[in-house]
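Visitor: Input file: upload.txt. Contents: compact mmCIF, C-alpha atoms.
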# COMPACT_ATOMS: atom_id res chain seq x y z
CA MET J 1 -33.16 -24.72 12.02
CA HIS J 2 -34.87 -27.92 10.97
CA TYR J 3 -34.81 -31.14 12.98
CA SER J 4 -36.13 -34.64 12.39
CA ILE J 5 -38.20 -35.99 15.27
CA CYS J 6 -40.24 -39.15 15.61
CA VAL J 7 -43.55 -39.04 17.45
CA ILE J 8 -44.83 -42.29 18.96
CA HIS J 9 -48.59 -42.09 19.41
CA GLU J 10 -51.60 -44.37 19.57
CA ASP J 11 -52.99 -45.38 16.22
CA ASP J 12 -55.98 -43.27 15.13
CA THR J 13 -54.76 -40.29 17.16
CA ASP J 14 -53.50 -37.06 15.64
CA VAL J 15 -49.75 -36.42 15.75
CA ALA J 16 -50.62 -32.74 16.27
CA ASP J 17 -51.91 -33.55 19.76
CA ALA J 18 -48.54 -35.00 20.80
CA LEU J 19 -46.67 -32.03 19.35
CA ALA J 20 -48.96 -29.36 20.80
CA PRO J 21 -47.39 -29.06 24.30
CA PHE J 22 -44.08 -28.12 22.68
CA ASP J 23 -45.43 -25.27 20.54
CA GLU J 24 -43.30 -22.16 21.15
CA ASN J 25 -46.33 -19.97 20.52
CA LEU J 26 -48.26 -21.23 23.54
CA GLU J 27 -48.67 -18.64 26.31
CA VAL J 28 -48.00 -20.86 29.31
CA GLU J 29 -45.84 -18.84 31.66
CA LYS J 30 -45.61 -15.12 32.38
CA VAL J 31 -42.09 -13.68 32.43
CA VAL J 32 -41.20 -10.31 33.97
CA GLU J 33 -37.81 -8.87 33.04
CA ASP J 34 -35.71 -6.76 35.39
CA ASP J 35 -36.81 -3.62 33.53
CA GLY J 36 -40.46 -4.50 34.05
CA TYR J 37 -41.13 -5.77 30.54
CA GLU J 38 -43.67 -8.61 30.63
CA TYR J 39 -44.40 -11.37 28.14
CA TRP J 40 -45.78 -14.90 27.99
CA CYS J 41 -43.88 -17.94 26.77
CA ASN J 42 -43.86 -21.71 26.77
CA PRO J 43 -40.86 -22.96 28.79
CA ASN J 44 -41.24 -26.33 27.05
CA GLY J 45 -41.41 -24.78 23.58
CA LYS J 46 -39.39 -26.67 20.96
CA TRP J 47 -40.89 -25.74 17.58
CA ASP J 48 -42.66 -22.94 15.74
CA TRP J 49 -43.53 -24.92 12.58
CA TYR J 50 -43.71 -28.57 11.57
CA GLN J 51 -44.52 -30.86 8.68
CA VAL J 52 -44.96 -34.63 8.55
CA GLY J 53 -42.18 -35.96 6.34
CA GLY J 54 -40.70 -32.69 5.14
CA ARG J 55 -36.95 -32.76 4.62
CA TRP J 56 -36.86 -36.31 5.94
CA THR J 57 -39.55 -37.80 3.71
CA GLY J 58 -39.31 -41.58 3.52
CA SER J 59 -37.24 -42.26 6.64
CA ILE J 60 -39.25 -45.28 7.86
CA LYS J 61 -38.82 -48.65 6.15
CA LEU J 62 -41.71 -51.10 6.12
CA LYS J 63 -41.20 -54.79 6.76
CA ASP J 64 -41.35 -57.14 3.81
CA GLY J 65 -44.95 -57.93 2.95
CA VAL J 66 -46.41 -54.74 4.42
CA GLU J 67 -48.01 -52.69 1.66
CA PRO J 68 -47.92 -48.90 2.00
CA THR J 69 -51.19 -46.97 2.19
CA SER J 70 -51.90 -43.30 1.57
CA ASP J 71 -52.03 -42.48 5.29
CA MET J 72 -48.36 -43.48 5.63
CA TYR J 73 -47.16 -40.46 3.65
CA GLY J 74 -46.79 -36.85 4.67
CA GLU J 75 -45.38 -34.23 2.32
CA PRO J 76 -41.84 -33.57 1.12
CA SER J 77 -40.17 -30.25 1.85
CA TYR J 78 -41.20 -27.29 -0.28
CA LEU J 79 -37.56 -27.34 -1.43
CA PHE J 80 -38.37 -30.40 -3.49
CA ASP J 81 -40.56 -30.78 -6.56
CA LYS J 82 -42.21 -34.12 -5.93
CA ASP J 83 -42.75 -34.69 -9.66
CA VAL J 84 -39.13 -34.36 -10.71
CA ASP J 85 -36.88 -34.35 -7.66
CA PRO J 86 -34.98 -37.64 -7.28
CA TYR J 87 -34.98 -37.35 -3.49
CA PHE J 88 -38.75 -37.51 -3.19
CA ARG J 89 -39.44 -40.94 -1.71
CA ALA J 90 -36.10 -41.81 -3.30
CA ARG J 91 -35.79 -45.02 -1.36
CA GLY J 92 -38.95 -46.46 -2.91
CA GLU J 93 -42.57 -46.85 -2.01
CA HIS J 94 -41.82 -49.02 1.02
CA TRP J 95 -40.10 -46.09 2.74
CA VAL J 96 -42.79 -43.99 4.38
CA ASP J 97 -43.37 -41.19 6.89
CA SER J 98 -45.70 -42.96 9.35
CA ALA J 99 -46.37 -46.60 10.21
CA LEU J 100 -47.50 -48.91 12.99
CA LEU J 101 -44.58 -49.99 15.16
CA LYS J 102 -45.21 -53.65 14.35
CA ASP J 103 -44.82 -52.91 10.63
CA ILE J 104 -41.50 -51.05 10.79
CA ASP J 105 -38.26 -52.73 9.74
CA THR J 106 -35.76 -51.61 12.39
CA SER J 107 -32.93 -53.88 11.24
CA LEU J 108 -29.55 -52.55 10.17
CA ASP J 109 -29.87 -50.88 6.76
CA MET J 110 -27.01 -52.46 4.83
CA ARG J 111 -27.57 -50.22 1.81
CA ALA J 112 -26.99 -47.19 4.03
CA TRP J 113 -24.00 -48.92 5.65
CA ASN J 114 -22.31 -49.60 2.30
CA ALA J 115 -23.04 -46.08 1.03
CA ALA J 116 -21.48 -44.60 4.18
CA ILE J 117 -18.37 -46.74 3.76
CA GLU J 118 -18.04 -45.49 0.18
CA ASP J 119 -18.44 -41.87 1.33
CA TRP J 120 -15.83 -42.38 4.04
CA ASP J 121 -13.33 -43.70 1.52
CA LYS J 122 -14.03 -40.76 -0.80
CA ALA J 123 -13.47 -38.31 2.05
CA MET J 124 -10.20 -39.98 2.99
CA ASN J 125 -9.12 -39.33 -0.60
CA GLY J 126 -9.87 -35.63 -0.32
CA GLU J 127 -13.48 -35.37 -1.49
CA THR J 128 -16.23 -33.52 0.39
CA VAL J 129 -19.19 -35.80 1.15
CA GLY J 130 -22.56 -35.63 2.83
CA PHE J 131 -23.31 -32.31 4.50
CA PHE J 132 -19.95 -30.66 3.79
CA GLN J 133 -18.05 -33.41 5.57
CA THR J 134 -14.32 -33.75 4.99
CA LYS J 135 -11.57 -36.14 6.02
CA GLU J 136 -10.76 -33.94 9.00
CA SER J 137 -14.34 -33.62 10.22
CA LEU J 138 -15.09 -37.33 9.84
CA LEU J 139 -11.99 -38.41 11.73
CA ARG J 140 -12.78 -35.87 14.44
CA ASP J 141 -16.45 -36.82 14.86
CA TYR J 142 -16.46 -40.56 14.11
CA ILE J 143 -12.82 -41.72 14.49
CA ILE J 144 -13.25 -44.85 12.32
CA LYS J 145 -15.36 -45.71 9.28
CA GLU J 146 -17.39 -48.39 11.10
CA ASN J 147 -18.69 -45.77 13.54
CA TYR J 148 -19.70 -43.53 10.65
CA ALA J 149 -21.45 -46.41 8.88
CA ALA J 150 -23.29 -47.50 12.02
CA CYS J 151 -24.63 -43.99 12.58
CA HIS J 152 -26.14 -44.10 9.09
CA ALA J 153 -27.42 -47.67 9.15
CA LEU J 154 -28.97 -48.04 12.62
CA PHE J 155 -32.64 -47.16 13.01
CA TYR J 156 -32.97 -44.14 15.27
CA PHE J 157 -34.02 -40.51 15.48
CA ASN J 158 -32.13 -37.80 17.34
CA TYR J 159 -35.36 -36.45 18.86
CA VAL J 160 -38.37 -38.36 20.20
CA ILE J 161 -41.76 -37.70 21.73
CA ASP J 162 -42.56 -40.99 23.41
CA HIS J 163 -45.97 -42.65 23.81
CA GLU J 164 -46.51 -40.84 27.11
CA GLY J 165 -45.84 -37.45 25.58
CA ASN J 166 -42.34 -37.00 26.99
CA TRP J 167 -39.62 -35.23 25.00
CA HIS J 168 -36.24 -36.96 24.60
CA GLN J 169 -33.18 -35.93 22.60
CA MET J 170 -29.74 -37.30 21.88
CA TRP J 171 -28.09 -33.90 22.24
CA PRO J 172 -27.69 -32.41 25.72
CA GLU J 173 -29.90 -29.35 26.15
CA GLY J 174 -28.15 -26.29 24.79
CA TYR J 175 -25.64 -28.28 22.72
CA TRP J 176 -25.54 -29.18 19.03
CA SER J 177 -23.16 -32.12 19.13
CA VAL J 178 -22.42 -35.27 21.08
CA ASN J 179 -19.37 -37.51 21.21
CA ILE J 180 -19.37 -40.67 19.14
CA SER J 181 -19.62 -42.97 22.16
CA ASP J 182 -22.84 -41.31 23.37
CA ARG J 183 -24.24 -41.15 19.83
CA LEU J 184 -23.72 -44.87 19.28
CA LYS J 185 -25.22 -45.72 22.67
CA TRP J 186 -28.32 -43.68 21.86
CA ALA J 187 -28.61 -45.27 18.41
CA GLN J 188 -28.07 -48.82 19.67
CA ASP J 189 -30.57 -48.39 22.53
CA PHE J 190 -33.23 -46.61 20.47
CA VAL J 191 -35.38 -49.58 19.43
CA ARG J 192 -35.07 -51.35 22.78
CA ARG J 193 -35.95 -48.18 24.65
CA PHE J 194 -38.74 -46.63 22.60
CA ILE J 195 -40.20 -49.23 20.25
CA ALA J 196 -39.78 -52.85 21.41
CA PRO J 197 -41.90 -52.53 24.60
CA LEU J 198 -44.89 -51.25 22.61
CA ARG J 199 -44.90 -53.49 19.56
CA HIS J 200 -47.08 -56.30 20.88
CA GLY J 201 -49.18 -54.70 23.61
CA SER J 202 -52.95 -54.36 23.70
CA LYS J 203 -52.74 -50.86 22.19
CA LYS J 204 -51.55 -50.18 18.66
CA TYR J 205 -48.89 -47.49 18.44
CA ARG J 206 -47.70 -45.60 15.40
CA LEU J 207 -44.39 -43.83 14.69
CA THR J 208 -44.58 -40.66 12.62
CA ALA J 209 -41.51 -38.81 11.32
CA VAL J 210 -41.86 -35.03 11.55
CA ASP J 211 -39.77 -32.13 10.27
CA ILE J 212 -39.82 -29.42 12.95
CA HIS J 213 -38.43 -25.90 12.80
CA ASP J 214 -37.14 -23.94 15.78
Translate the structure of the given file into C-alpha cells.
Guide:
Amino acid sequence: MHYSICVIHEDDTDVADALAPFDENLEVEKVVEDDGYEYWCNPNGKWDWYQVGGRWTGSIKLKDGVEPTSDMYGEPSYLFDKDVDPYFRARGEHWVDSALLKDIDTSLDMRAWNAAIEDWDKAMNGETVGFFQTKESLLRDYIIKENYAACHALFYFNYVIDHEGNWHQMWPEGYWSVNISDRLKWAQDFVRRFIAPLRHGSKKYRLTAVDIHD
C-alpha cells in the first residue's frame, strides 16, 4: 500500500538519508525460526519503495510571495500523465513537494474546507464521494461535517520522520484507522509539534512530502 509521509530534514541534505534507516531491505537483525530457518530483516523497516511527490504531488502550499523553484518538485505517480492529467500539480504552481519550513503556509485551507463541506452534503444525499465514501461511512468515521472538513483543511501528514530521524504516525502500530477525536488532536497539534519549533532556529529545515510503499 502507498502512504504519504513528510520528512523534516536540514536544508541541503538528502531526504534519502532520513528514509534509509526504515528501508525494509536492510539486513539489520538475524531471525531464527522455530524450525531453524534463518533470515535477516530490519525491525524498523517501513518501506520498500518511495518517490518524492508521487501520488501526493503538490501537497505543500507556499506562503504568498514565495516563488517556487525546480528543487521544490518531485515527480507525480506513474499513474498520471503529467502532460494531460488534471491532477498533476492541480492546485497550481505554488503547491509543491518540498520547501523550507519558513516558506510553508500552514494555515487552514479554506478551499479544501469548502470542498469537503460540498462532498459531505452530496454524500448525505446518497452520492459516493472521495475514496468510495458514503453517507454511512462518513457519519461513522467523522460524525459531523465540520470534523470531516477540518481533517481536509488542516495542514498535517499521517506519517512523519522528524528532524532527529524519529518515526511518528497517527495510526497506532498495527492498525489502519483512528477515532475522530485522536485524528483531530494529531492534526491540530501537527504544526506546533513538528514545525513551529524549527522555523526560526539557527539551522534551516526543509519538509519534503514522500510517497512510500510498504
Visitor: Residues at most 12 Å from Gly65 in chain J, counting all atoms listed in the file, excluding those fewer than 6 positions away in the same chain, as a PyMOL selection string?
Guide: chain J and resi 94+103-105
Visitor: Would you kindly return, as a PyMOL selection string, each protein, DNA or RNA residue with an atom no farther than 9 Å from any atom of Arg183 in chain J, considering all atoms listed in the file and excluding same-chain residues fewer than 6 positions away?
Guide: chain J and resi 151+158+170-171
Visitor: If you take all atoms listed in the file and a cut-off of 8 Å, which residues of range 106-163 of chain J touch range 184-192 of chain J, and what are their nearest atom pairs and distances in Å to one decimal, in chain and number order, as JSON lines?
Guide:
{"residue": "J:Thr106", "atom": "CA", "partner": "J:Val191", "partner_atom": "CA", "distance": 7.3}
{"residue": "J:Asn147", "atom": "CA", "partner": "J:Leu184", "partner_atom": "CA", "distance": 7.7}
{"residue": "J:Ala150", "atom": "CA", "partner": "J:Leu184", "partner_atom": "CA", "distance": 7.7}
{"residue": "J:Cys151", "atom": "CA", "partner": "J:Leu184", "partner_atom": "CA", "distance": 6.8}
{"residue": "J:Leu154", "atom": "CA", "partner": "J:Ala187", "partner_atom": "CA", "distance": 6.4}
{"residue": "J:Phe155", "atom": "CA", "partner": "J:Ala187", "partner_atom": "CA", "distance": 7.0}
{"residue": "J:Tyr156", "atom": "CA", "partner": "J:Ala187", "partner_atom": "CA", "distance": 5.5}
{"residue": "J:Phe157", "atom": "CA", "partner": "J:Ala187", "partner_atom": "CA", "distance": 7.8}
Visitor: Just need the box for range 93-104 of chain J, edges along x, y and z, holding every atom the file lists for it with 8 Å tacked onto each side, so centre and edge lengths in Å to one decimal, as JSON.
Guide:
{"center_x": -43.8, "center_y": -47.4, "center_z": 6.6, "size_x": 23.4, "size_y": 28.5, "size_z": 33.2}
Visitor: CA of Cys41 in chain J to CA of Ser77 in chain J: how many Å, to one decimal?
Guide: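 Between CA of Cys41 in chain J and CA of Ser77 in chain J the gap is 28.0 Å.
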Visitor: With only C-alpha atoms as the basis for distance, which of J:Asp71, J:Glu146, J:Val160, J:Gly126 is at the shortest distance from Leu100 in chain J?
Guide: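 When distances to Leu100 in chain J are compared using only C-alpha atoms, the smallest one comes from J:Asp71.
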Visitor: Find the residues near Met124 in chain J: any atom within 9 Å, counting all atoms listed in the file, skip ones fewer than 4 places away on the same chain, and give them as a compact mmCIF listing (two decimals) with C-alpha atoms, in the coordinates of the input.
Guide:
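Dumped everything to selection_31.txt:
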# COMPACT_ATOMS: atom_id res chain seq x y z
CA ASP J 119 -18.44 -41.87 1.33
CA TRP J 120 -15.83 -42.38 4.04
CA THR J 134 -14.32 -33.75 4.99
CA LYS J 135 -11.57 -36.14 6.02
CA GLU J 136 -10.76 -33.94 9.00
CA LEU J 138 -15.09 -37.33 9.84
Visitor: Calculate how many Å separate CA of Asp23 in chain J from CA of Asn42 in chain J, rounding to one decimal.
Guide: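 The value is 7.3 Å.
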Visitor: May I ask for the distance between CA of Val129 in chain J and CA of Pro76 in chain J, given in Å to one decimal place?
Guide: 22.8 Å
Visitor: Closest to Gly74 in chain J among J:Val28, J:Leu62, J:Leu198, J:Val52, using all atoms listed in the file?
Guide: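 Once distances to Gly74 in chain J are computed over all atoms listed in the file, the minimum belongs to J:Val52.
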Visitor: When you count all atoms listed in the file, which of these residues is closest to Gln169 in chain J: J:Asp12, J:Lys46, J:Pro197, J:Asp35?
Guide: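 Among the listed residues, the smallest separation from Gln169 in chain J belongs to J:Lys46.
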Visitor: Using all atoms listed in the file - which residues lie no farther than 12 Å from the point (-18.7, -45.5, 0.7) in the file's frame? Write them as a PyMOL selection string.
Guide: chain J and resi 110-125+127+129-130+145-146+148-149+152
Visitor: Those residues you just picked out, can you put them in a file as a PDB file, in the frame of the given file with C-alpha atoms?
Guide:
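The new file again_14.pdb reads:
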ATOM      1  CA  MET J 110     -27.010 -52.460   4.830  1.00  0.00           C
ATOM      2  CA  ARG J 111     -27.570 -50.220   1.810  1.00  0.00           C
ATOM      3  CA  ALA J 112     -26.990 -47.190   4.030  1.00  0.00           C
ATOM      4  CA  TRP J 113     -24.000 -48.920   5.650  1.00  0.00           C
ATOM      5  CA  ASN J 114     -22.310 -49.600   2.300  1.00  0.00           C
ATOM      6  CA  ALA J 115     -23.040 -46.080   1.030  1.00  0.00           C
ATOM      7  CA  ALA J 116     -21.480 -44.600   4.180  1.00  0.00           C
ATOM      8  CA  ILE J 117     -18.370 -46.740   3.760  1.00  0.00           C
ATOM      9  CA  GLU J 118     -18.040 -45.490   0.180  1.00  0.00           C
ATOM     10  CA  ASP J 119     -18.440 -41.870   1.330  1.00  0.00           C
ATOM     11  CA  TRP J 120     -15.830 -42.380   4.040  1.00  0.00           C
ATOM     12  CA  ASP J 121     -13.330 -43.700   1.520  1.00  0.00           C
ATOM     13  CA  LYS J 122     -14.030 -40.760  -0.800  1.00  0.00           C
ATOM     14  CA  ALA J 123     -13.470 -38.310   2.050  1.00  0.00           C
ATOM     15  CA  MET J 124     -10.200 -39.980   2.990  1.00  0.00           C
ATOM     16  CA  ASN J 125      -9.120 -39.330  -0.600  1.00  0.00           C
ATOM     17  CA  GLU J 127     -13.480 -35.370  -1.490  1.00  0.00           C
ATOM     18  CA  VAL J 129     -19.190 -35.800   1.150  1.00  0.00           C
ATOM     19  CA  GLY J 130     -22.560 -35.630   2.830  1.00  0.00           C
ATOM     20  CA  LYS J 145     -15.360 -45.710   9.280  1.00  0.00           C
ATOM     21  CA  GLU J 146     -17.390 -48.390  11.100  1.00  0.00           C
ATOM     22  CA  TYR J 148     -19.700 -43.530  10.650  1.00  0.00           C
ATOM     23  CA  ALA J 149     -21.450 -46.410   8.880  1.00  0.00           C
ATOM     24  CA  HIS J 152     -26.140 -44.100   9.090  1.00  0.00           C
TER      25      HIS J 152
END
Visitor: Given all atoms listed in the file as the basis, pick out the residue of J:Ile195, J:Leu101, J:Val96, J:Val178 nearest to Glu75 in chain J.
Guide: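 Closest to Glu75 in chain J of all the choices is J:Val96.
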Visitor: Which residue, J:His163, J:Ile180, J:Val210, J:Lys63, has the smallest gap to Thr13 in chain J when you use only C-alpha atoms?
Guide: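 Smallest separation from Thr13 in chain J among the options: J:His163.
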Visitor: Between J:Ser137, J:Ser4, J:Ser181, J:Ser202, which has the minimum distance to Gly53 in chain J (counting all atoms listed in the file)?
Guide: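 That would be J:Ser4, the residue with the smallest distance to Gly53 in chain J.
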